[in-house]
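**Q** Next comes the structure file upload39.txt, holding compact mmCIF, C-alpha atoms and all ligand atoms.
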# COMPACT_ATOMS: atom_id res chain seq x y z
CA MET A 1 70.72 14.91 92.48
CA LEU A 2 69.37 18.13 90.99
CA PRO A 3 67.40 20.28 93.46
CA GLN A 4 64.31 20.09 91.22
CA GLU A 5 64.46 16.27 91.31
CA ILE A 6 64.58 16.31 95.13
CA ILE A 7 61.59 18.69 95.19
CA ARG A 8 59.74 16.55 92.64
CA ALA A 9 60.29 13.39 94.71
CA LYS A 10 58.87 15.06 97.82
CA ARG A 11 56.04 16.71 95.87
CA ASP A 12 54.99 13.24 94.69
CA GLY A 13 55.05 11.82 98.22
CA GLY A 14 58.37 10.00 98.05
CA VAL A 15 60.73 9.41 100.97
CA LEU A 16 64.04 11.23 100.50
CA ASP A 17 67.30 9.65 101.44
CA PRO A 18 69.54 11.54 103.90
CA ALA A 19 72.16 12.32 101.21
CA ALA A 20 69.58 14.16 99.08
CA ILE A 21 68.42 16.23 102.07
CA THR A 22 72.02 17.10 103.01
CA GLU A 23 72.72 18.14 99.41
CA LEU A 24 69.69 20.41 99.37
CA ILE A 25 70.64 22.11 102.66
CA GLU A 26 74.28 22.51 101.63
CA GLY A 27 73.02 24.06 98.39
CA LEU A 28 70.77 26.45 100.31
CA VAL A 29 73.77 27.82 102.22
CA SER A 30 76.17 27.88 99.26
CA GLY A 31 73.61 29.53 96.95
CA ARG A 32 73.39 26.57 94.54
CA VAL A 33 69.76 26.11 95.63
CA SER A 34 67.68 29.21 94.91
CA GLU A 35 65.11 30.81 97.24
CA GLY A 36 62.38 29.66 94.85
CA GLN A 37 63.57 26.06 95.09
CA ALA A 38 63.78 26.23 98.89
CA ALA A 39 60.23 27.66 98.97
CA ALA A 40 58.97 24.86 96.71
CA PHE A 41 60.68 22.27 98.91
CA ALA A 42 59.12 23.81 102.04
CA MET A 43 55.67 23.75 100.40
CA ALA A 44 56.13 20.12 99.31
CA VAL A 45 57.04 19.23 102.91
CA PHE A 46 54.10 21.27 104.20
CA PHE A 47 51.67 19.09 102.19
CA ARG A 48 53.46 15.74 102.16
CA GLY A 49 55.18 15.80 105.56
CA LEU A 50 58.46 14.08 106.37
CA GLU A 51 59.10 10.62 107.78
CA HIS A 52 61.05 10.43 111.05
CA SER A 53 64.30 9.49 109.24
CA GLU A 54 63.90 12.45 106.86
CA THR A 55 63.29 14.91 109.72
CA VAL A 56 66.38 13.61 111.53
CA ALA A 57 68.42 14.04 108.33
CA LEU A 58 67.07 17.57 107.77
CA THR A 59 67.79 18.53 111.40
CA CYS A 60 71.36 17.17 111.26
CA ALA A 61 72.05 18.82 107.89
CA MET A 62 70.86 22.18 109.26
CA ARG A 63 72.94 21.69 112.44
CA ASP A 64 76.03 20.98 110.31
CA SER A 65 75.48 24.05 108.11
CA GLY A 66 77.51 26.11 110.63
CA THR A 67 79.59 25.84 113.77
CA VAL A 68 78.78 23.12 116.31
CA LEU A 69 79.92 24.18 119.78
CA ASP A 70 82.25 21.85 121.64
CA TRP A 71 82.20 21.93 125.45
CA SER A 72 84.48 18.92 126.00
CA ASP A 73 86.90 21.11 127.98
CA LEU A 74 84.23 21.59 130.69
CA SER A 75 83.90 19.19 133.61
CA ARG A 76 80.18 20.02 133.89
CA PRO A 77 77.42 18.29 131.84
CA VAL A 78 75.88 20.72 129.33
CA VAL A 79 72.08 21.07 129.26
CA ASP A 80 69.50 23.58 128.10
CA LYS A 81 65.78 24.26 127.79
CA HIS A 82 63.76 25.47 124.82
CA SER A 83 60.30 26.96 125.16
CA THR A 84 57.91 27.33 122.25
CA GLY A 85 57.05 30.74 123.71
CA GLY A 86 54.21 32.47 125.42
CA VAL A 87 53.17 35.44 127.53
CA GLY A 88 54.82 36.07 130.90
CA ASP A 89 57.20 33.18 130.26
CA ASN A 90 60.31 34.32 132.12
CA ILE A 91 61.32 30.81 133.23
CA SER A 92 64.73 30.93 131.50
CA LEU A 93 65.91 33.72 133.79
CA MET A 94 65.36 31.52 136.83
CA LEU A 95 65.98 28.08 135.36
CA ALA A 96 69.47 28.71 133.96
CA PRO A 97 70.95 29.87 137.30
CA ILE A 98 69.10 27.18 139.30
CA VAL A 99 70.47 24.36 137.12
CA ALA A 100 73.94 25.97 136.97
CA ALA A 101 73.97 26.26 140.77
CA CYS A 102 73.34 22.49 140.88
CA GLY A 103 76.50 21.78 138.88
CA ALA A 104 75.45 21.78 135.20
CA ALA A 105 76.60 24.13 132.46
CA VAL A 106 73.78 26.02 130.73
CA PRO A 107 74.83 27.90 127.58
CA MET A 108 71.36 29.30 126.93
CA ILE A 109 71.06 30.66 123.41
CA SER A 110 67.81 32.57 123.34
CA GLY A 111 65.63 34.54 120.97
CA ARG A 112 63.77 37.83 120.76
CA GLY A 113 60.04 38.32 121.04
CA LEU A 114 57.96 38.28 117.90
CA GLY A 115 54.21 38.57 117.54
CA HIS A 116 52.40 38.37 120.86
CA THR A 117 55.11 36.38 122.64
CA GLY A 118 57.98 37.82 124.65
CA GLY A 119 61.64 36.99 124.10
CA THR A 120 64.30 36.22 126.70
CA LEU A 121 66.90 38.44 125.01
CA ASP A 122 64.64 41.50 125.13
CA LYS A 123 64.08 40.83 128.83
CA MET A 124 67.83 40.52 129.53
CA GLU A 125 68.45 43.76 127.63
CA SER A 126 66.40 45.58 130.28
CA ILE A 127 69.48 45.16 132.46
CA PRO A 128 71.80 48.13 131.85
CA GLY A 129 75.13 47.08 130.33
CA TYR A 130 74.18 43.38 129.92
CA ARG A 131 75.72 42.04 126.70
CA VAL A 132 73.50 39.59 124.84
CA ALA A 133 76.12 39.28 122.08
CA PRO A 134 79.44 38.80 123.90
CA ASP A 135 82.45 37.56 121.95
CA ASN A 136 83.01 33.83 121.97
CA ALA A 137 85.79 34.01 124.60
CA LEU A 138 83.59 35.89 127.10
CA PHE A 139 80.64 33.57 126.42
CA ARG A 140 82.76 30.47 127.07
CA ARG A 141 84.46 32.00 130.11
CA THR A 142 81.08 32.89 131.65
CA VAL A 143 79.71 29.38 131.10
CA ALA A 144 82.91 27.87 132.54
CA THR A 145 83.18 30.09 135.62
CA VAL A 146 79.56 30.96 136.47
CA GLY A 147 77.84 27.90 134.97
CA CYS A 148 75.35 29.74 132.76
CA ALA A 149 75.17 32.49 130.16
CA ILE A 150 71.99 33.72 128.50
CA ILE A 151 72.98 35.14 125.12
CA GLY A 152 71.62 35.58 121.59
CA GLN A 153 71.87 33.43 118.50
CA THR A 154 75.11 33.95 116.58
CA GLU A 155 75.36 34.04 112.78
CA ALA A 156 77.60 30.97 112.93
CA LEU A 157 75.00 28.60 114.43
CA ALA A 158 72.74 26.76 111.95
CA PRO A 159 72.80 29.40 109.16
CA ALA A 160 70.65 27.11 106.99
CA ASP A 161 67.82 27.53 109.48
CA LYS A 162 68.08 31.30 109.29
CA ARG A 163 67.74 31.19 105.49
CA LEU A 164 65.02 28.58 105.39
CA TYR A 165 63.02 30.26 108.18
CA ALA A 166 63.08 33.61 106.36
CA ILE A 167 61.74 31.85 103.24
CA ARG A 168 59.08 29.93 105.20
CA ASP A 169 57.97 33.14 106.88
CA VAL A 170 56.97 34.70 103.55
CA THR A 171 55.65 31.57 101.82
CA ALA A 172 53.04 30.38 104.37
CA THR A 173 55.10 27.33 105.29
CA VAL A 174 55.91 28.03 108.95
CA GLU A 175 53.13 25.78 110.31
CA SER A 176 54.65 22.42 109.43
CA ILE A 177 55.58 20.12 112.32
CA PRO A 178 58.65 18.55 110.62
CA LEU A 179 59.94 21.98 109.53
CA ILE A 180 59.37 23.48 113.00
CA THR A 181 61.05 20.44 114.55
CA ALA A 182 64.15 20.71 112.34
CA SER A 183 64.31 24.48 112.83
CA ILE A 184 64.20 24.39 116.64
CA LEU A 185 66.45 21.36 117.04
CA SER A 186 69.14 22.31 114.52
CA LYS A 187 69.99 25.35 116.69
CA LYS A 188 69.92 23.34 119.92
CA LEU A 189 72.06 20.55 118.44
CA ALA A 190 74.56 23.16 117.21
CA ALA A 191 74.88 24.38 120.81
CA GLY A 192 76.69 21.12 121.64
CA LEU A 193 74.35 19.98 124.44
CA ASN A 194 74.30 16.69 126.36
CA GLY A 195 70.63 17.07 127.27
CA LEU A 196 67.62 19.21 126.40
CA VAL A 197 64.21 19.76 127.93
CA LEU A 198 61.42 21.27 125.88
CA ASP A 199 58.64 23.39 127.32
CA VAL A 200 55.88 23.06 124.75
CA LYS A 201 53.12 25.54 125.53
CA THR A 202 49.46 25.03 124.77
CA GLY A 203 46.47 27.33 125.28
CA SER A 204 45.27 30.74 124.21
CA GLY A 205 48.70 32.41 124.44
CA ALA A 206 50.68 29.62 122.76
CA PHE A 207 52.03 29.25 119.26
CA MET A 208 50.20 25.87 119.20
CA ALA A 209 46.94 26.82 120.91
CA GLU A 210 45.30 23.38 120.59
CA ARG A 211 46.47 20.62 122.94
CA ASP A 212 46.56 17.95 120.18
CA GLY A 213 48.81 20.06 117.94
CA ALA A 214 51.13 20.91 120.85
CA ARG A 215 51.31 17.24 121.85
CA GLN A 216 52.11 16.24 118.27
CA LEU A 217 54.89 18.85 118.12
CA ALA A 218 56.29 17.69 121.48
CA HIS A 219 56.35 14.04 120.32
CA SER A 220 58.05 15.04 117.07
CA LEU A 221 60.68 17.14 118.89
CA VAL A 222 61.44 14.41 121.43
CA ALA A 223 61.67 11.64 118.82
CA VAL A 224 63.84 13.63 116.39
CA ALA A 225 66.18 15.05 119.05
CA ASN A 226 66.78 11.59 120.48
CA GLY A 227 67.12 10.23 116.94
CA ALA A 228 69.82 12.83 116.32
CA GLY A 229 71.66 11.74 119.48
CA LEU A 230 70.50 14.43 121.94
CA ARG A 231 68.80 13.12 125.11
CA THR A 232 65.56 15.09 125.26
CA THR A 233 62.28 15.14 127.17
CA ALA A 234 59.33 17.53 126.94
CA LEU A 235 56.70 19.00 129.22
CA LEU A 236 53.41 20.23 127.86
CA THR A 237 52.53 23.31 129.93
CA ASP A 238 49.54 25.59 130.21
CA MET A 239 49.43 28.93 128.41
CA ASP A 240 45.70 29.61 128.90
CA GLN A 241 46.85 32.46 131.14
CA PRO A 242 50.20 34.27 131.36
CA LEU A 243 52.66 32.09 133.26
CA ALA A 244 54.08 34.84 135.46
CA ASP A 245 51.58 37.49 136.53
CA HIS A 246 53.80 40.06 134.80
CA ALA A 247 54.26 40.48 131.03
CA GLY A 248 56.79 42.78 129.41
CA ASN A 249 60.54 43.10 129.74
CA ALA A 250 61.82 44.90 132.87
CA VAL A 251 58.65 43.86 134.75
CA GLU A 252 59.46 40.18 134.01
CA VAL A 253 63.09 40.63 135.08
CA ASP A 254 61.84 42.20 138.30
CA HIS A 255 59.48 39.24 138.79
CA ALA A 256 62.30 36.72 138.12
CA VAL A 257 64.72 38.38 140.55
CA ARG A 258 62.10 38.50 143.29
CA PHE A 259 61.43 34.80 142.62
CA LEU A 260 65.14 33.95 142.89
CA THR A 261 65.67 35.94 146.09
CA GLY A 262 62.52 34.51 147.65
CA ALA A 263 60.85 37.91 148.00
CA ARG A 264 57.84 36.67 146.02
CA ARG A 265 57.21 33.25 144.48
CA ASP A 266 54.30 32.73 142.18
CA PRO A 267 53.14 29.07 142.63
CA ARG A 268 52.49 28.44 138.91
CA VAL A 269 55.92 29.75 137.95
CA GLU A 270 57.49 27.71 140.74
CA ALA A 271 55.76 24.49 139.61
CA VAL A 272 56.91 24.83 135.99
CA THR A 273 60.43 26.02 136.86
CA LEU A 274 61.11 23.19 139.30
CA ALA A 275 59.62 20.56 136.96
CA LEU A 276 61.89 21.72 134.11
CA ALA A 277 64.90 21.94 136.44
CA GLY A 278 64.25 18.37 137.64
CA GLU A 279 64.21 17.15 134.02
CA MET A 280 67.46 18.97 133.23
CA LEU A 281 69.25 17.61 136.29
CA VAL A 282 68.23 14.04 135.41
CA LEU A 283 69.35 14.55 131.77
CA ALA A 284 72.64 15.96 133.09
CA GLY A 285 73.17 12.91 135.30
CA LEU A 286 73.12 15.12 138.39
CA ALA A 287 69.97 13.56 139.88
CA LYS A 288 68.86 9.92 139.91
CA ASP A 289 65.21 10.70 139.22
CA LEU A 290 62.78 13.58 138.78
CA GLU A 291 61.92 13.75 142.45
CA ALA A 292 65.58 14.04 143.43
CA GLY A 293 66.17 16.58 140.63
CA THR A 294 63.30 18.78 141.74
CA ALA A 295 64.42 18.60 145.38
CA ARG A 296 67.96 19.57 144.42
CA ALA A 297 66.67 22.49 142.35
CA ARG A 298 64.53 23.66 145.28
CA ASP A 299 67.59 23.57 147.56
CA ALA A 300 69.55 25.73 145.10
CA LEU A 301 66.69 28.20 145.13
CA ASP A 302 66.06 28.24 148.88
CA SER A 303 69.76 28.45 149.82
CA GLY A 304 70.21 31.57 147.67
CA ALA A 305 72.76 29.78 145.45
CA ALA A 306 70.61 30.31 142.32
CA ALA A 307 70.16 34.03 143.04
CA GLU A 308 73.92 34.37 143.53
CA THR A 309 74.57 32.55 140.22
CA PHE A 310 72.19 34.92 138.42
CA ALA A 311 73.96 37.94 139.93
CA ARG A 312 77.37 36.58 138.87
CA MET A 313 76.13 35.93 135.31
CA VAL A 314 74.76 39.48 135.02
CA ALA A 315 78.04 40.98 136.28
CA ALA A 316 80.20 38.70 134.07
CA LEU A 317 78.26 39.79 130.98
CA GLY A 318 78.59 43.51 131.65
CA GLY A 319 75.61 44.25 133.91
CA PRO A 320 75.76 46.00 137.31
CA VAL A 321 77.70 44.15 140.02
CA ASP A 322 75.01 45.10 142.56
CA PHE A 323 72.03 44.29 140.32
CA LEU A 324 70.14 42.22 142.89
CA GLU A 325 70.76 44.61 145.78
CA ARG A 326 69.70 47.71 143.85
CA LEU A 327 67.13 46.25 141.47
CA ASP A 328 64.84 49.29 141.62
CA ASP A 329 67.70 51.68 140.76
CA HIS A 330 68.88 49.63 137.80
CA LEU A 331 65.69 48.50 136.03
CA PRO A 332 63.98 51.01 133.75
CA ARG A 333 60.57 52.13 135.03
CA ALA A 334 57.79 53.47 132.83
CA PRO A 335 56.70 57.02 133.74
CA LEU A 336 53.05 56.03 134.18
CA GLN A 337 51.45 53.26 136.21
CA ARG A 338 47.73 52.78 135.88
CA VAL A 339 45.45 50.32 137.64
CA VAL A 340 42.86 48.52 135.47
CA ALA A 341 39.69 48.22 137.54
CA ALA A 342 37.35 45.22 137.24
CA PRO A 343 34.16 46.28 135.44
CA ALA A 344 31.97 43.82 137.40
CA ASP A 345 31.85 41.39 140.33
CA GLY A 346 32.58 37.73 139.54
CA TYR A 347 35.23 35.13 138.85
CA VAL A 348 37.91 35.20 136.16
CA HIS A 349 36.84 32.27 133.97
CA ALA A 350 38.99 32.64 130.87
CA MET A 351 41.67 34.81 129.38
CA ASP A 352 42.59 35.70 125.87
CA THR A 353 46.29 35.37 126.67
CA ARG A 354 47.30 36.27 123.14
CA GLY A 355 45.27 39.49 123.58
CA LEU A 356 47.26 40.29 126.75
CA GLY A 357 50.50 39.70 124.82
CA LEU A 358 49.26 42.03 122.09
CA ALA A 359 48.50 44.67 124.75
CA VAL A 360 52.20 44.54 125.73
CA VAL A 361 53.19 44.87 122.05
CA ALA A 362 50.85 47.87 121.63
CA LEU A 363 52.43 49.54 124.68
CA GLY A 364 55.77 49.25 122.86
CA GLY A 365 57.07 46.26 124.84
CA GLY A 366 57.11 43.91 121.83
CA ARG A 367 57.60 44.18 118.13
CA THR A 368 55.57 43.58 114.99
CA ARG A 369 58.64 43.46 112.69
CA PRO A 370 62.00 41.88 113.62
CA GLN A 371 63.83 45.21 113.18
CA ASP A 372 61.52 47.20 115.51
CA PRO A 373 62.95 48.62 118.76
CA VAL A 374 61.47 47.56 122.08
CA ASP A 375 60.55 49.75 125.08
CA HIS A 376 61.92 47.74 128.00
CA ALA A 377 60.07 49.70 130.69
CA VAL A 378 56.44 49.11 129.65
CA GLY A 379 54.22 46.10 130.29
CA LEU A 380 51.58 44.57 132.54
CA ALA A 381 52.11 43.75 136.20
CA GLU A 382 50.08 41.86 138.78
CA ILE A 383 47.67 40.35 136.26
CA VAL A 384 44.85 38.72 138.20
CA PRO A 385 45.04 34.88 138.06
CA MET A 386 42.37 32.68 136.53
CA GLY A 387 39.73 31.54 139.00
CA ARG A 388 40.14 34.57 141.31
CA ARG A 389 36.97 36.08 142.80
CA ILE A 390 36.95 39.84 142.26
CA THR A 391 34.64 42.68 143.09
CA ARG A 392 33.89 45.63 140.81
CA GLY A 393 36.66 48.22 140.95
CA GLU A 394 39.34 45.79 142.21
CA PRO A 395 42.58 45.73 140.17
CA LEU A 396 42.80 43.34 137.22
CA ALA A 397 46.35 44.43 136.37
CA ILE A 398 48.70 47.40 136.62
CA ILE A 399 49.75 48.93 133.33
CA HIS A 400 53.26 50.37 133.00
CA ALA A 401 53.06 52.82 130.10
CA ARG A 402 54.89 55.71 128.40
CA ASP A 403 51.80 57.94 128.24
CA ALA A 404 48.13 58.19 129.15
CA ALA A 405 46.81 57.33 125.67
CA SER A 406 48.73 54.04 125.42
CA ALA A 407 47.77 53.20 129.03
CA GLU A 408 44.09 53.74 128.22
CA ALA A 409 44.29 51.57 125.08
CA ALA A 410 46.05 48.81 127.05
CA ALA A 411 43.43 49.02 129.83
CA GLN A 412 40.69 48.40 127.27
CA ARG A 413 42.59 45.44 125.86
CA VAL A 414 43.02 43.94 129.34
CA VAL A 415 39.31 44.31 130.15
CA SER A 416 38.28 42.68 126.89
CA ALA A 417 40.83 39.86 127.32
CA LEU A 418 39.35 38.72 130.65
CA ARG A 419 36.02 36.90 130.87
CA ILE A 420 34.39 37.55 134.24
CA LEU A 421 31.32 35.49 135.13
CA GLU A 422 29.19 35.19 138.25
CA ALA A 423 29.43 31.41 138.72
CA ALA A 424 32.53 29.93 140.36
CA PRO A 425 34.79 28.15 137.84
CA GLU A 426 36.31 24.69 138.23
CA ALA A 427 39.63 24.59 140.08
CA ALA A 428 42.55 25.51 137.79
CA ALA A 429 44.57 22.59 136.39
CA HIS A 430 48.22 22.10 137.34
CA PRO A 431 50.35 24.14 134.88
CA VAL A 432 52.37 21.05 133.90
CA LEU A 433 49.83 19.17 131.80
CA GLU A 434 51.81 16.22 130.42
CA ARG A 435 55.32 14.79 130.26
CA ILE A 436 56.71 13.27 127.08
CA GLY A 437 59.71 11.06 127.67
CA ALA A 438 62.04 9.52 125.12
N1 LIG B 501 60.66 28.54 116.32
C1 LIG B 501 61.72 28.22 115.52
O1 LIG B 501 62.87 28.37 115.91
N2 LIG B 501 61.44 27.72 114.30
C2 LIG B 501 60.19 27.50 113.85
O2 LIG B 501 60.03 27.01 112.75
C3 LIG B 501 59.11 27.85 114.68
C4 LIG B 501 59.37 28.36 115.92
Kindly present the structure from the file in structure tokens form.
**A**
Amino acid sequence: MLPQEIIRAKRDGGVLDPAAITELIEGLVSGRVSEGQAAAFAMAVFFRGLEHSETVALTCAMRDSGTVLDWSDLSRPVVDKHSTGGVGDNISLMLAPIVAACGAAVPMISGRGLGHTGGTLDKMESIPGYRVAPDNALFRRTVATVGCAIIGQTEALAPADKRLYAIRDVTATVESIPLITASILSKKLAAGLNGLVLDVKTGSGAFMAERDGARQLAHSLVAVANGAGLRTTALLTDMDQPLADHAGNAVEVDHAVRFLTGARRDPRVEAVTLALAGEMLVLAGLAKDLEAGTARARDALDSGAAAETFARMVAALGGPVDFLERLDDHLPRAPLQRVVAAPADGYVHAMDTRGLGLAVVALGGGRTRPQDPVDHAVGLAEIVPMGRRITRGEPLAIIHARDAASAEAAAQRVVSALRILEAAPEAAAHPVLERIGA
């Protein structure tokens, strides 16, 4: 079928058969389908949507556009997590070693931060020497011997997604649930997993701020992943405030290590991490139900096994062998730390979490264009939680900055991102809002 006929059929609201979708995606990679045709197809999908069978076909075609990893030589079940992204979301750093310490393999292929959200790879690159792009042999050896490896996307995985995403990005066609679904899942399916848990964020710092939209995306992801043969569940989690009380790169690594070693455990981070770990252990067949999975994950954390796994992963991928013992010596620290003082007495009622993420970007800790460098040392620490009673002058956050001018600008952003009112707010909701099973 000619590409223009496939586009025409979708433009007119038709249902495409899987062969036509595969042809279009193969053409996108080979060059037979032009950028203009891919853009027109994306726009037709944006307006007309895709049926479940079409989204499964698109996802599988994009998965098959490159290498599909094969882990059949491992004796461990292979599972992973994908988060739709947020502010202070450093869960991957703790989740991968927890689940690996329980006996699963976690080849965690992660992304960089873009816009107001942070990226796991940027966080891992705060660790001196850590290689986010190891060769295939080192990647596989680390997964086989340690149980987990957090690395970056390779060119070989789902190249059709890379091309289509770049086109969507400049043609106002990113915000389409079937296209987002196929984009996220094609990369996860190419990673050769046996199970996947999705952390779909909702709230002021999320990509899908509205709960209904996030729920719709979660249902689409779960249905399509399972339709494509990957056992998948999703949790809808709260992003109306940063998840960790730290946002940036080195500051989030510091927070994650202190969580793993037990030096400091933030209850919201603990609730989400253990809930996701429980899901992954059930999907891996390593726990009979969620309660048993969560209990097993907690044991791996409390025994120190997860911290040890993290340390081994860091060392295997080129980081310091004594990273956990000498955290303060290894992590980059910004030259300036400045306390943001509360402007009034009251309770923290609401946060513009996106605004806090943008404060990190403005400090240099995130990027506005994919090619921009990132300053790993800057960020926000000890952000006051929602619902906390504060008195005027008490700290709202500590800014880690390169210089006084950027610290001052960030302080203003933090003050305007927090709504402080006199009346006591309602008790904060549990950070895990909903579970979407297969
Ligand atoms: N993340 C992706 O990987 N793809 C999308 O389309 C949106 C978010």
**Q** Give me, as JSON lines, each residue of stretch 278-351 of chain A that comes within 10 Å of stretch 87-108 of chain A, together with its shortest interatomic pair and the distance in Å at one decimal, counting all atoms listed in the file, with rows ordered by chain and rising residue number.
**A**
{"residue": "A:Gly278", "atom": "CA", "partner": "A:Val99", "partner_atom": "CA", "distance": 8.7}
{"residue": "A:Met280", "atom": "CA", "partner": "A:Val99", "partner_atom": "CA", "distance": 7.3}
{"residue": "A:Leu281", "atom": "CA", "partner": "A:Val99", "partner_atom": "CA", "distance": 6.9}
{"residue": "A:Ala284", "atom": "CA", "partner": "A:Ala104", "partner_atom": "CA", "distance": 6.8}
{"residue": "A:Gly285", "atom": "CA", "partner": "A:Ala104", "partner_atom": "CA", "distance": 9.2}
{"residue": "A:Leu286", "atom": "CA", "partner": "A:Gly103", "partner_atom": "CA", "distance": 7.5}
{"residue": "A:Ala287", "atom": "CA", "partner": "A:Cys102", "partner_atom": "CA", "distance": 9.6}
{"residue": "A:Gly293", "atom": "CA", "partner": "A:Cys102", "partner_atom": "CA", "distance": 9.3}
{"residue": "A:Arg296", "atom": "CA", "partner": "A:Cys102", "partner_atom": "CA", "distance": 7.1}
{"residue": "A:Ala297", "atom": "CA", "partner": "A:Ile98", "partner_atom": "CA", "distance": 6.1}
{"residue": "A:Arg298", "atom": "CA", "partner": "A:Ile98", "partner_atom": "CA", "distance": 8.3}
{"residue": "A:Asp299", "atom": "CA", "partner": "A:Cys102", "partner_atom": "CA", "distance": 8.9}
{"residue": "A:Ala300", "atom": "CA", "partner": "A:Ile98", "partner_atom": "CA", "distance": 6.0}
{"residue": "A:Leu301", "atom": "CA", "partner": "A:Ile98", "partner_atom": "CA", "distance": 6.4}
{"residue": "A:Gly304", "atom": "CA", "partner": "A:Ala101", "partner_atom": "CA", "distance": 9.5}
{"residue": "A:Ala305", "atom": "CA", "partner": "A:Ala101", "partner_atom": "CA", "distance": 6.0}
{"residue": "A:Ala306", "atom": "CA", "partner": "A:Ile98", "partner_atom": "CA", "distance": 4.6}
{"residue": "A:Ala307", "atom": "CA", "partner": "A:Pro97", "partner_atom": "CA", "distance": 7.1}
{"residue": "A:Glu308", "atom": "CA", "partner": "A:Pro97", "partner_atom": "CA", "distance": 8.2}
{"residue": "A:Thr309", "atom": "CA", "partner": "A:Pro97", "partner_atom": "CA", "distance": 5.4}
{"residue": "A:Phe310", "atom": "CA", "partner": "A:Pro97", "partner_atom": "CA", "distance": 5.3}
{"residue": "A:Ala311", "atom": "CA", "partner": "A:Pro97", "partner_atom": "CA", "distance": 9.0}
{"residue": "A:Arg312", "atom": "CA", "partner": "A:Pro97", "partner_atom": "CA", "distance": 9.4}
{"residue": "A:Met313", "atom": "CA", "partner": "A:Pro97", "partner_atom": "CA", "distance": 8.2}
**Q** How big is the axis-aligned box, and where does its centre sit, when it encloses all atoms of ligand LIG 501 (chain B) listed in the file and has 8 Å added on every side, reported in Å to one decimal as lines of an AutoDock Vina configuration file?
**A**
center_x = 61.0
center_y = 27.8
center_z = 114.5
size_x = 19.8
size_y = 17.5
size_z = 19.6
**Q** Kindly provide, as a list in words, all nucleotide and amino acid residues lying within 6 Å of ligand LIG 501 (chain B), counting only C-alpha atoms and all ligand atoms.
**A**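 Sorted by chain and then by number, the residues are Val174, Leu179, Ile180, Ser183 and Ile184 of chain A.
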**Q** Between A:Ile398, A:Ala316, A:Val68, A:Ile390, single out the one closest to A:Val132, counting all atoms listed in the file.
**A** A:Ala316
**Q** Go ahead and compute the interatomic distance for atom CA of A:Gly27 and atom CA of A:Pro159, in Å to one decimal.
**A** 12.0 Å
**Q** So the first atom is atom CA of A:Glu408 and the second is atom CA of A:Leu363; what is the distance between them in Å, to one decimal place?
**A** 10.0 Å
**Q** Atom CA of A:Leu236 to atom CA of A:Glu252: how many Å, to one decimal?
**A**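 Pair atom CA of A:Leu236 / atom CA of A:Glu252 returns 21.7 Å.
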**Q** From the options A:Asp212, A:Ala42, A:Leu114, A:Ala144, which residue's atoms come nearest to A:Arg168, counting only C-alpha atoms?
**A**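 The shortest atom-to-atom distance to A:Arg168 comes from A:Ala42.
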**Q** With only C-alpha atoms as the basis for distance, which of A:Gln241, A:Ser75, A:Ser220, A:Thr117 is at the shortest distance from A:Leu358?
**A**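 Ranking A:Gln241, A:Ser75, A:Ser220, A:Thr117 by distance to A:Leu358, first place goes to A:Thr117.
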**Q** Measuring atom to atom with only C-alpha atoms, identify which of A:His82, A:Lys288, A:Arg8, A:His376 is nearest to A:Leu193.
**A**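 The shortest atom-to-atom distance to A:Leu193 comes from A:His82.
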**Q** Could you give me, as a list in words, the residues within 9 Å of A:Arg140, counting all atoms listed in the file and dropping anything in the same chain fewer than 3 positions from it?
**A** Trp71, Pro107, Asp135, Asn136, Ala137, Val143, Ala144, Thr145 and Ala149 of chain A
**Q** A:Ala156, A:Leu433, A:Val415, A:Ala234: which is nearest A:Ala271, counting only C-alpha atoms?
**A**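 Answer, going by the shortest atom-to-atom distance: A:Leu433.
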